[in-house]
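Below you'll find the structure, written out as structure tokens, and then a few comments.
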Amino acid sequence: MAPKPPKDGFAEEGAGPASPAEQLVLVLDGFEGPLDMLLALGREQKVDLTKISILQLADQYLAFVAEARKVRLELAADYLVMAAWLAYLKSRLLIPNVEDEEPSGEDMAAALAFQLQRLEAMKEASAKLFRRPRLGVDVFPRGAPEDVDIQRKSVFQVTLYDLLKAYGEHKKRKEGGVLHIEPVRLYSLEDAVRRLSELLGRMPDWATLSSFLPDGVRGALLNRSALAAHFAATLELAKAGQVELRQDGAFAPIYVRRAARQE
Amino acid sequence: MIQDIANPEAVEARLHKLRLLEALLFASADPLDEETLAGRLERDTDVADLLEELRAHYAPRGVNLVRTGAGWSFRTALDLAPLLRQEEEVSKKLSRAAIETLAIIAYHQPVTRAEIEAIRGVATSKGTLDILMENGWIRPGRRRETPGRPLTWVTTDHFLDHFGLESLRDLPGVEDLRAAGLLDSRPVLLGIAGGGADEPAESAETEDADG
Amino acid sequence: MIQDIANPEAVEARLHKLRLLEALLFASADPLDEETLAGRLERDTDVADLLEELRAHYAPRGVNLVRTGAGWSFRTALDLAPLLRQEEEVSKKLSRAAIETLAIIAYHQPVTRAEIEAIRGVATSKGTLDILMENGWIRPGRRRETPGRPLTWVTTDHFLDHFGLESLRDLPGVEDLRAAGLLDSRPVLLGIAGGGADEPAESAETEDADG
């Protein structure tokens, strides 16, 4: 079955033919987690949610995840957890019931259907609630309340929110005496200098700068920072007369070697 | 009332009370409950009766006397809304998450954060409850007597006032939802959000699940 | 006016305008001048005439339509002023220091003045506890059985009442506050920590990059 990206109110419709990847991204942006997405997929079946086919829904979802992986769209962990769970549910629904401790496939499907109905009900309820005439939007109170002491208890205007916020701010100040800065996982210049100095001792001939880069560095950002740090380090070391640099043309590989020193 | 009409003094006295009630309610931007109003009138005044008379008097006018959960207040007439409506500032627009969370608290209260997360299927991002509380719509309720004693959340009187509701029973469709069992907090098989466990969200690291 | 009475539609139209005027004047924070009001009504409406009718209607009531230099506004009837104003006290804002002190007493009670000062890191001015006590939010508790037998402070039932709490146990814990977004002391380095899809967000415990 061809995976078709779900349409919902959040993805832009009629925005012209987008690539599957773009559509997926659009679609993902509109959802608040996998349950929300399942609900949107369920609506595609165009049946009452009480009559929804959970098996079909699982297929729709798994197809979506497969498509996302094909276009290398990064899915948050909970989307993958849901996929695993649905794959398991599917197997339980397809294989005749075996006697064991686990809830039956039907029970699991019913529980999921209930969750979807409940979420749908709450979405509808929130829409209805906000369609009501609202104070300050549709209906207005006295614009210039007069200074009459009607509720004697509130000589001071303090709400619970004020109280809790004050305590929160107090705690924040206490905790915040020390500024916690997230450790930044970047390759530092100092580390690169140290590393290069060590490696160069063992590598007297020309070698490309990239061959000095550490292995197993995860992530594009860290990789780029390692390259930048090592490049800056070679400049530092060249200035100190410890290495020689060579580049045969613009954008060509940069070569490094230990400076021929009279030791 | 009949005998009052015969008695000019009684008519005068009643009119005086009506005027005072009118003034008290008019002066305040917030709803006033009957108890507070009674405290400002002579003893043995039938406040409910007077309020009913005022309500009837104002019913056809541009300003109506209405009752919401918190009490009685004058409000502009509903049918004039299209002529008075003020667009909400963009900065005040609530996120979808906040709107859904408010509905869940309204319909399921008292409800714990973990229950909200189980219903929505995602962790509640920081700032959601905060903004609802800042708007004066929700407040902490009693702690649940279950392990971890999680805090529950409930809606406020101001919530009722804001949405023009006389009581929580007037929430749109609440009876149907209850009858359909959709307000049950039955445990879910699929612990999607923060585990569904009711421990007070201890790690400050709870970010948007979809982040 | 006379000829309007003969025509039901004209009567209806006039009533609609009167209602709109009423609502506009009621909802406005400032007096409105005739020009502004005319701008909200249909062209060629005799605003002065309508205002006169409204003024006459409200003249005997508890609320009057009055004209001041700046324009027209509703005001509670002057003769009722003594009855409306029971106390001369004006609602005031509580100082930040007082709110914080109250919060600390609420969370740490029973707590001595010295402890409050240690927690807040500043001396408590003499008036702060007085204000809280005058409002009936705090009262002296038992003396601490330590040298000097200092007085402790605790919150009152009125405190719970005022803040709509059923018991002290219903005060949100620090973690609840954090979860609600009221306590967020972890600045995130935007652009770097946030932009790098390298690692799960906010896992401060991961080993150093250069390990």
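Labels for the structure tokens follow display order: chains A, B, ..., residues from 1 in each chain, ligands from 1.
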Response to the item:
Same-sequence pair chain B/chain C: after least-squares overlay on all Cα in order, RMSD is 20.0 Å
Using only C-alpha atoms, what table do you get, as a Markdown table, when you list each residue of chain A with an atom no more than 6 Å from chain B, its nearest pair of atoms, and their distance in Å rounded to one decimal, rows by chain then rising number?
```
| residue | atom | partner | partner_atom | distance |
| --- | --- | --- | --- | --- |
| A:Gly33 | CA | B:Asp210 | CA | 5.7 |
| A:Leu35 | CA | B:Gly121 | CA | 5.5 |
| A:Arg118 | CA | B:Leu182 | CA | 5.3 |
| A:Ser126 | CA | B:Ala103 | CA | 4.9 |
| A:Arg134 | CA | B:Phe163 | CA | 5.0 |
| A:Leu135 | CA | B:His162 | CA | 4.7 |
| A:Val137 | CA | B:Gln86 | CA | 5.3 |
| A:Asp138 | CA | B:Ala81 | CA | 4.7 |
| A:Val139 | CA | B:Thr76 | CA | 5.4 |
| A:Phe140 | CA | B:Thr76 | CA | 5.3 |
| A:Pro141 | CA | B:Arg75 | CA | 5.0 |
| A:Arg142 | CA | B:Ala29 | CA | 5.2 |
| A:Pro145 | CA | B:Ala27 | CA | 5.0 |
| A:Glu146 | CA | B:Ala27 | CA | 4.8 |
```
Would you save the residues from that selection as a PDB file, in the first residue's frame, using N, CA, C and O atoms?
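Okay, this is what ended up in again03.pdb:
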```
ATOM      1  N   GLY A  33       2.736  15.105  19.035  1.00  0.00           N
ATOM      2  CA  GLY A  33       3.034  13.751  19.435  1.00  0.00           C
ATOM      3  C   GLY A  33       2.273  12.711  18.630  1.00  0.00           C
ATOM      4  O   GLY A  33       1.382  13.024  17.847  1.00  0.00           O
ATOM      5  N   LEU A  35       0.119  10.314  19.358  1.00  0.00           N
ATOM      6  CA  LEU A  35      -1.305  10.048  19.552  1.00  0.00           C
ATOM      7  C   LEU A  35      -2.133  11.031  18.717  1.00  0.00           C
ATOM      8  O   LEU A  35      -3.129  10.670  18.098  1.00  0.00           O
ATOM      9  N   ARG A 118     -11.226   9.712  23.349  1.00  0.00           N
ATOM     10  CA  ARG A 118     -11.170  10.677  24.438  1.00  0.00           C
ATOM     11  C   ARG A 118     -10.409  11.943  24.006  1.00  0.00           C
ATOM     12  O   ARG A 118     -10.827  13.061  24.292  1.00  0.00           O
ATOM     13  N   SER A 126     -12.629  21.606  23.553  1.00  0.00           N
ATOM     14  CA  SER A 126     -11.852  22.844  23.652  1.00  0.00           C
ATOM     15  C   SER A 126     -12.296  23.821  22.570  1.00  0.00           C
ATOM     16  O   SER A 126     -12.389  25.019  22.801  1.00  0.00           O
ATOM     17  N   ARG A 134     -16.683  35.128  25.026  1.00  0.00           N
ATOM     18  CA  ARG A 134     -15.690  35.246  26.091  1.00  0.00           C
ATOM     19  C   ARG A 134     -15.646  36.656  26.634  1.00  0.00           C
ATOM     20  O   ARG A 134     -15.819  37.625  25.914  1.00  0.00           O
ATOM     21  N   LEU A 135     -15.365  36.700  27.913  1.00  0.00           N
ATOM     22  CA  LEU A 135     -15.259  37.985  28.586  1.00  0.00           C
ATOM     23  C   LEU A 135     -14.029  38.723  28.063  1.00  0.00           C
ATOM     24  O   LEU A 135     -12.944  38.157  27.988  1.00  0.00           O
ATOM     25  N   VAL A 137     -13.614  39.646  25.095  1.00  0.00           N
ATOM     26  CA  VAL A 137     -13.506  39.450  23.657  1.00  0.00           C
ATOM     27  C   VAL A 137     -14.861  39.756  23.023  1.00  0.00           C
ATOM     28  O   VAL A 137     -14.967  40.540  22.086  1.00  0.00           O
ATOM     29  N   ASP A 138     -15.889  39.099  23.531  1.00  0.00           N
ATOM     30  CA  ASP A 138     -17.234  39.280  22.991  1.00  0.00           C
ATOM     31  C   ASP A 138     -18.141  40.046  23.946  1.00  0.00           C
ATOM     32  O   ASP A 138     -19.073  40.719  23.552  1.00  0.00           O
ATOM     33  N   VAL A 139     -17.890  39.833  25.212  1.00  0.00           N
ATOM     34  CA  VAL A 139     -18.730  40.400  26.247  1.00  0.00           C
ATOM     35  C   VAL A 139     -17.818  41.191  27.158  1.00  0.00           C
ATOM     36  O   VAL A 139     -16.681  40.791  27.392  1.00  0.00           O
ATOM     37  N   PHE A 140     -18.337  42.339  27.640  1.00  0.00           N
ATOM     38  CA  PHE A 140     -17.425  43.190  28.395  1.00  0.00           C
ATOM     39  C   PHE A 140     -17.955  43.522  29.777  1.00  0.00           C
ATOM     40  O   PHE A 140     -19.154  43.707  29.971  1.00  0.00           O
ATOM     41  N   PRO A 141     -17.029  43.612  30.723  1.00  0.00           N
ATOM     42  CA  PRO A 141     -17.418  44.038  32.061  1.00  0.00           C
ATOM     43  C   PRO A 141     -17.420  45.557  32.111  1.00  0.00           C
ATOM     44  O   PRO A 141     -17.083  46.214  31.132  1.00  0.00           O
ATOM     45  N   ARG A 142     -17.775  46.102  33.231  1.00  0.00           N
ATOM     46  CA  ARG A 142     -17.734  47.543  33.407  1.00  0.00           C
ATOM     47  C   ARG A 142     -16.307  48.020  33.136  1.00  0.00           C
ATOM     48  O   ARG A 142     -15.357  47.524  33.747  1.00  0.00           O
ATOM     49  N   PRO A 145     -14.488  50.345  36.508  1.00  0.00           N
ATOM     50  CA  PRO A 145     -15.017  49.958  37.813  1.00  0.00           C
ATOM     51  C   PRO A 145     -14.751  51.062  38.824  1.00  0.00           C
ATOM     52  O   PRO A 145     -13.717  51.726  38.786  1.00  0.00           O
ATOM     53  N   GLU A 146     -15.724  51.289  39.694  1.00  0.00           N
ATOM     54  CA  GLU A 146     -15.560  52.366  40.662  1.00  0.00           C
ATOM     55  C   GLU A 146     -14.947  51.829  41.929  1.00  0.00           C
ATOM     56  O   GLU A 146     -15.095  50.661  42.265  1.00  0.00           O
TER      57      GLU A 146
END
```
Worksheet item: When you draw a straight line from CA of Gly249 in chain A to CA of Leu237 in chain A, how long is it in Å?
Response: 21.2 Å
Worksheet entry | Distance filter 6 Å, only C-alpha atoms, chain B against chain C, as JSON, numbers by chain | {"B": [19, 20, 22, 23, 61, 62, 63, 76, 126, 127, 129, 130, 142, 143, 202]}
Item to complete: Enumerate as number ranges by chain all residues of range 104-141 of chain C assigned to alpha helix (DSSP H) by DSSP on the backbone, naming them with the chain letters and numbers the document uses.
Response: C: 104-108, 113-120, 126-134
Worksheet entry | Coordinates-based distance that separates CA of Ala114 in chain B from CA of Gly30 in chain A (Å, one decimal) |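 CA of Ala114 in chain B lies 22.8 Å from CA of Gly30 in chain A.
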